[in-house]
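The file final31.txt comes next; it holds compact mmCIF, C-alpha atoms.
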# COMPACT_ATOMS: atom_id res chain seq x y z
CA MET A 1 5.95 6.36 -15.67
CA ILE A 2 6.10 5.68 -11.92
CA TYR A 3 5.97 1.88 -12.28
CA GLU A 4 8.96 1.92 -14.62
CA PHE A 5 10.82 3.99 -12.02
CA PHE A 6 9.93 1.48 -9.28
CA GLU A 7 11.34 -1.34 -11.38
CA LYS A 8 14.52 0.59 -12.14
CA LEU A 9 14.96 1.49 -8.47
CA ARG A 10 14.40 -2.11 -7.40
CA LYS A 11 17.15 -3.37 -9.71
CA GLU A 12 19.56 -0.61 -8.69
CA ALA A 13 19.01 -1.39 -5.00
CA GLU A 14 19.76 -5.08 -5.52
CA LYS A 15 23.11 -4.23 -7.12
CA VAL A 16 24.31 -2.45 -3.97
CA GLY A 17 22.84 -4.92 -1.45
CA GLY A 18 19.66 -2.97 -0.76
CA LYS A 19 16.05 -3.85 -1.35
CA VAL A 20 12.95 -2.07 -2.63
CA ILE A 21 9.64 -3.56 -1.53
CA ASN A 22 6.66 -2.53 -3.64
CA LEU A 23 3.30 -2.60 -1.89
CA PHE A 24 -0.15 -2.53 -3.43
CA GLY A 25 -2.51 0.31 -2.64
CA ASN A 26 -6.24 0.44 -3.23
CA HIS A 27 -5.75 2.31 -6.51
CA GLU A 28 -3.71 -0.52 -8.05
CA LEU A 29 -6.54 -2.93 -7.41
CA MET A 30 -9.12 -0.40 -8.59
CA ASN A 31 -7.32 -0.16 -11.91
CA LEU A 32 -7.14 -3.93 -12.20
CA GLN A 33 -10.91 -4.03 -11.66
CA LEU A 34 -11.42 -1.29 -14.28
CA ASP A 35 -12.56 1.16 -11.63
CA TRP A 36 -11.28 4.35 -13.24
CA ARG A 37 -12.94 6.93 -10.99
CA TYR A 38 -9.61 8.69 -10.38
CA VAL A 39 -8.07 8.18 -13.81
CA THR A 40 -7.66 11.41 -15.78
CA PRO A 41 -7.74 11.87 -19.56
CA GLU A 42 -4.10 12.99 -19.31
CA ASP A 43 -3.16 9.69 -17.72
CA ILE A 44 -4.92 7.73 -20.45
CA ASN A 45 -3.12 9.79 -23.09
CA THR A 46 0.28 8.72 -21.72
CA PHE A 47 -0.62 5.17 -22.81
CA GLY A 48 -2.05 6.24 -26.16
CA SER A 49 -5.58 4.94 -25.66
CA LYS A 50 -7.93 3.27 -23.19
CA LYS A 51 -7.27 -0.08 -24.85
CA ALA A 52 -3.52 0.35 -24.51
CA ARG A 53 -3.87 1.32 -20.85
CA ILE A 54 -5.91 -1.79 -20.09
CA ALA A 55 -3.34 -3.91 -21.94
CA ALA A 56 -0.52 -2.44 -19.84
CA PHE A 57 -2.27 -3.51 -16.63
CA SER A 58 -3.02 -7.00 -17.96
CA SER A 59 -0.94 -10.13 -17.40
CA LYS A 60 0.66 -9.47 -20.79
CA GLY A 61 1.53 -5.83 -20.07
CA TYR A 62 4.56 -4.42 -18.27
CA ILE A 63 2.57 -3.09 -15.32
CA GLY A 64 0.58 -6.29 -14.88
CA LYS A 65 3.76 -8.36 -15.06
CA SER A 66 5.41 -6.12 -12.47
CA PHE A 67 2.39 -6.43 -10.16
CA ARG A 68 2.55 -10.21 -10.38
CA SER A 69 6.29 -10.49 -9.85
CA SER A 70 7.38 -7.76 -7.46
CA PHE A 71 4.40 -6.32 -5.57
CA GLN A 72 2.77 -7.54 -2.36
CA VAL A 73 0.07 -6.43 0.08
CA VAL A 74 2.00 -6.32 3.35
CA ALA A 75 5.62 -6.51 4.46
CA ILE A 76 7.44 -6.75 7.76
CA VAL A 77 10.81 -5.02 7.52
CA GLU A 78 13.73 -5.64 9.90
CA GLN A 79 11.44 -7.99 11.85
CA ASP A 80 9.77 -5.17 13.77
CA THR A 81 7.88 -2.84 11.41
CA LEU A 82 4.79 -3.68 9.38
CA PHE A 83 4.18 -1.70 6.21
CA VAL A 84 0.71 -1.74 4.63
CA HIS A 85 -1.31 0.71 2.58
CA GLY A 86 -4.46 0.93 4.69
CA GLY A 87 -4.05 -1.08 7.87
CA VAL A 88 -4.08 -4.61 9.24
CA ASN A 89 -6.78 -5.24 11.83
CA LEU A 90 -6.81 -8.16 14.23
CA GLN A 91 -8.86 -10.37 11.93
CA TRP A 92 -6.29 -9.96 9.17
CA ALA A 93 -3.33 -10.20 11.51
CA ASN A 94 -4.55 -13.61 12.61
CA LYS A 95 -4.36 -14.78 8.99
CA GLY A 96 -0.61 -14.09 9.00
CA ILE A 97 1.58 -12.09 6.62
CA GLU A 98 2.21 -14.97 4.24
CA LYS A 99 -1.50 -15.74 3.88
CA ILE A 100 -2.40 -12.09 3.29
CA ASN A 101 0.15 -11.86 0.49
CA GLN A 102 -1.03 -15.16 -0.99
CA LEU A 103 -4.61 -13.88 -1.12
CA GLY A 104 -3.46 -10.63 -2.70
CA ALA A 105 -1.37 -12.44 -5.29
CA GLY A 106 -4.31 -14.69 -6.14
CA LEU A 107 -6.62 -11.74 -6.71
CA VAL A 108 -4.05 -9.85 -8.78
CA GLU A 109 -3.41 -12.92 -10.91
CA LYS A 110 -7.10 -13.34 -11.65
CA CYS A 111 -7.60 -9.63 -12.37
CA THR A 112 -4.63 -9.34 -14.73
CA ASP A 113 -5.67 -12.52 -16.54
CA ALA A 114 -9.20 -11.15 -16.95
CA LEU A 115 -7.84 -7.95 -18.49
CA ALA A 116 -5.70 -9.96 -20.90
CA ASP A 117 -8.71 -12.05 -21.90
CA GLY A 118 -10.96 -9.02 -22.34
CA LYS A 119 -13.28 -10.07 -19.53
CA GLN A 120 -15.21 -7.47 -17.55
CA LYS A 121 -15.91 -9.74 -14.58
CA VAL A 122 -13.31 -11.27 -12.30
CA ILE A 123 -14.13 -14.60 -10.68
CA ALA A 124 -12.17 -14.92 -7.44
CA ALA A 125 -12.57 -16.66 -4.09
CA SER A 126 -14.39 -14.71 -1.38
CA ASP A 127 -11.30 -14.54 0.83
CA GLU A 128 -9.32 -13.07 -2.08
CA ILE A 129 -12.03 -10.47 -2.77
CA SER A 130 -12.02 -9.52 0.92
CA ILE A 131 -8.61 -7.92 0.33
CA VAL A 132 -10.48 -4.97 -1.22
CA HIS A 133 -13.28 -4.78 1.37
CA PRO A 134 -13.50 -1.58 3.49
CA ASP A 135 -11.87 -3.32 6.46
CA GLY A 136 -9.27 -5.07 4.31
CA PRO A 137 -5.59 -4.10 4.37
CA LEU A 138 -5.84 -1.83 1.34
CA TRP A 139 -8.82 0.26 2.49
CA ASN A 140 -8.83 0.17 6.31
CA ARG A 141 -8.68 3.66 7.87
CA LYS A 142 -9.43 2.69 11.48
CA PHE A 143 -5.92 3.17 12.81
CA ALA A 144 -5.61 6.58 11.15
CA TYR A 145 -8.95 7.99 12.33
CA ASN A 146 -10.07 6.24 15.53
CA ASP A 147 -8.82 7.37 18.93
CA ASP A 148 -10.86 5.16 21.26
CA LYS A 149 -9.39 2.69 23.70
CA ALA A 150 -10.88 -0.25 21.79
CA THR A 151 -8.84 0.71 18.73
CA GLU A 152 -5.66 1.10 20.78
CA LYS A 153 -6.30 -2.30 22.33
CA GLU A 154 -6.66 -3.78 18.85
CA VAL A 155 -3.39 -2.13 17.79
CA ASP A 156 -1.67 -3.78 20.76
CA GLU A 157 -3.18 -7.14 19.83
CA VAL A 158 -2.09 -6.82 16.20
CA LEU A 159 1.46 -5.99 17.24
CA GLU A 160 1.49 -8.93 19.62
CA VAL A 161 0.14 -11.41 17.06
CA LEU A 162 2.64 -10.31 14.41
CA LYS A 163 5.45 -9.86 16.94
CA ILE A 164 6.28 -6.35 15.77
CA LYS A 165 6.80 -2.93 17.34
CA ARG A 166 4.92 -0.68 14.96
CA MET A 167 2.67 -0.41 11.91
CA VAL A 168 3.27 2.12 9.12
CA VAL A 169 0.27 3.02 6.93
CA GLY A 170 -0.54 5.37 4.07
CA HIS A 171 -3.93 5.84 2.38
CA THR A 172 -5.27 8.50 4.76
CA VAL A 173 -4.09 12.10 4.58
CA LEU A 174 -4.15 13.69 8.04
CA GLY A 175 -2.18 16.81 7.16
CA LYS A 176 1.18 17.92 5.81
CA LYS A 177 3.12 16.09 8.52
CA ILE A 178 3.54 12.42 9.39
CA LYS A 179 1.35 11.47 12.35
CA SER A 180 2.54 9.24 15.19
CA ARG A 181 -0.42 7.55 16.89
CA PHE A 182 -0.91 5.34 19.94
CA HIS A 183 2.49 6.25 21.42
CA GLY A 184 4.46 5.40 18.30
CA LYS A 185 2.71 2.11 17.56
CA VAL A 186 1.18 3.45 14.33
CA TYR A 187 2.63 5.97 11.88
CA VAL A 188 0.40 7.55 9.23
CA ILE A 189 2.79 8.68 6.51
CA ASP A 190 0.45 9.87 3.73
CA VAL A 191 0.96 13.64 3.75
CA GLY A 192 -0.64 14.33 0.38
CA LEU A 193 2.02 13.79 -2.27
CA SER A 194 -0.38 14.34 -5.17
CA GLU A 195 -1.07 17.80 -6.54
CA HIS A 196 -4.69 17.48 -5.37
CA TYR A 197 -3.52 17.41 -1.73
CA GLY A 198 -0.78 20.00 -2.07
CA SER A 199 2.24 18.05 -3.38
CA ASN A 200 3.62 17.62 0.13
CA LEU A 201 6.83 15.62 0.62
CA ALA A 202 7.82 13.48 3.59
CA ALA A 203 9.53 10.19 4.43
CA LEU A 204 9.88 8.04 7.51
CA GLU A 205 13.35 6.77 8.43
CA ILE A 206 13.68 3.85 10.84
CA ILE A 207 17.15 2.82 12.01
CA GLY A 208 17.09 0.42 14.93
CA ASP A 209 14.82 1.98 17.55
CA LYS A 210 15.24 5.47 16.10
CA VAL A 211 12.28 6.72 14.08
CA ARG A 212 12.58 10.03 12.25
CA GLU A 213 10.46 12.19 10.00
CA ILE A 214 12.23 13.55 6.96
CA TYR A 215 10.98 16.65 5.15
CA PRO A 216 12.61 18.69 2.36
CA GLU A 217 14.02 21.27 4.74
CA GLU A 218 13.97 19.66 8.16
CA ARG A 219 14.52 16.41 10.02
CA ASP A 220 12.58 15.79 13.24
CA GLU A 221 12.85 12.86 15.63
CA LEU A 222 9.39 11.57 16.50
Rewritten as C-alpha cells:
Amino acid sequence: MIYEFFEKLRKEAEKVGGKVINLFGNHELMNLQLDWRYVTPEDINTFGSKKARIAAFSSKGYIGKSFRSSFQVVAIVEQDTLFVHGGVNLQWANKGIEKINQLGAGLVEKCTDALADGKQKVIAASDEISIVHPDGPLWNRKFAYNDDKATEKEVDEVLEVLKIKRMVVGHTVLGKKIKSRFHGKVYVIDVGLSEHYGSNLAALEIIGDKVREIYPEERDEL
C-alpha cells in the first residue's frame, strides 16, 4: 500500500536527517468525500470490502490518521520552491501558506470524522470547502495549460507574494517529460506515472539554483 510506504519512508528519512513532506492531491480529498469515480474493484479488494476501505480512510483508520498527522496542502522547501498538487493562484497566495494548510487540515479533519461516524454529508466552512473548488490548490490547472501574458503576470505576482523562485505542480499530464514553463518559474512534473498514462517515470532535482530532470536512463539540466 502506497500510504504505508510513505509513512515508512518518512520515518527512515528522519533517522538520517532528511525529511519527507506528504502533500494532498485531489484524489485524497475525493476519497474522503466518498467520490470513488476512479476507484477500481481491485483497489477495494486490497482492503477486503467497501466498508473496510471507508474505515481505513476515517479518523480511526491508518490512512485517515496519516492524513491528519503528516499530510498538508502546500509546502515551501528550502525557502524558494513551492510544491502543490494543482497550483496556487494569486487569491490563494494572498491567504498565505500557513492559512492554506490550516484550511486543508480543517476539511480533512471533518471528512475523516464523518467517515468514522458513518455520515454521508460533511459540514465544513465555505473557506475550507474552497480547497476542492476548480481554482483551489488541489484542482487548479491554469499554470499547466495557459500561455497568455495574464497568466504569466499572475505567476510573477504569486512568486512575489510568497517570496519564492518557482512553483512545482503535478495533477496535469502534459507528456512523458517534465515541462518547464514561464522561463523556469513553473515546473509541471506529472508525466503519467499510472498505467493508464503509460507508467512513465521522472523526478525533479533542485540543488541550490540547479534544477534537473531525472529519468530512468538520462539526466537533463533544464
Q. In terms of the shortest atom-to-atom distance over all atoms listed in the file, which of A:His196, A:Arg181, A:Lys163, A:Glu14 is closest to Asp80 in chain A?
A.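 Checking each candidate against Asp80 in chain A, we get A:Lys163 as the closest.
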request  = Between CA of Ser70 in chain A and CA of Ala56 in chain A, measure the distance and give it in Å to one decimal.
outcome  =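 Taking CA of Ser70 in chain A and CA of Ala56 in chain A, their separation equals 15.6 Å.
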| Which residues, written as a list of chain:residue names, have at least one atom at most 9 Å from range 33-41 of chain A, with all atoms listed in the file counted and residues fewer than 2 positions away on the same chain left out? |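 Neighbouring residues, sequence-local ones excluded: A:His27, A:Glu28, A:Leu29, A:Met30, A:Asn31, A:Asp43, A:Ile44, A:Asn45, A:Thr46, A:Ile54, A:Cys111, A:Thr112, A:Leu115, A:Gln120, A:Lys121, A:Val122.
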task: Mind checking which residues fall within 9 Å of Lys19 in chain A, counting only C-alpha atoms, ignoring those fewer than 5 positions away in the same chain, and posting them as a list in words?
output: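 With the cut-off at 9 Å, the set is Leu9, Arg10, Lys11, Glu12, Ala13 and Glu14 of chain A.
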CA of Gly96 in chain A sits from CA of Val20 in chain A at a separation of 21.5 Å
From CA of Tyr187 in chain A to CA of Val211 in chain A the spacing works out at 9.9 Å
Of A:Gly192, A:Gly25, A:Pro134, A:Gly61, the one sitting nearest Asp113 in chain A when using only C-alpha atoms is A:Gly61
(Q) Let me make sure I understand: among A:Val16, A:Leu174, A:Ile2, A:Ile76, which one has the smallest atom-to-atom distance to Tyr145 in chain A if we use only C-alpha atoms? (A)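 Smallest separation from Tyr145 in chain A among the options: A:Leu174.
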Using all atoms listed in the file, give me every residue within 10 Å of (-1.4, 14.7, 7.4) in file coordinates, as a ChimeraX atom specification.
-> /A:144,170,172-179,188-192,197,200
What are the centre and edge lengths in Å, to one decimal, of the axis-aligned box around all listed atoms of range 61-75 of chain A with 6 Å added on each side, as JSON?
{"center_x": 3.7, "center_y": -6.8, "center_z": -7.8, "size_x": 19.3, "size_y": 19.4, "size_z": 36.5}
List as a PyMOL selection string the protein and nucleic acid residues near Val158 in chain A, meaning an atom at most 7 Å away when all atoms listed in the file are counted, but skip any in the same chain fewer than 3 places from it. chain A and resi 89-90+93+154-155+161-162
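Among the candidate residues A:Arg212, A:Arg141, A:Lys165, A:Lys95, the one lying nearest to Asp127 in chain A is A:Lys95, with distances computed using all atoms listed in the file.
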Exercise. Starting from the point (-12.8, -6.7, 3.0), work out which residues of protein, DNA or RNA have an atom no more than 12 Å away when counting only C-alpha atoms; state them as a PyMOL selection string.
Key: chain A and resi 26+86-89+91-92+100+103-104+126-140
Quiz item: Do you know which residues are at most 10 Å from Ile214 in chain A counting only C-alpha atoms, after dropping those on the same chain fewer than 2 positions away, and could you put them as a VMD selection string?
Solution: chain A and resid 177 to 178 201 to 205 211 to 212 216 to 221
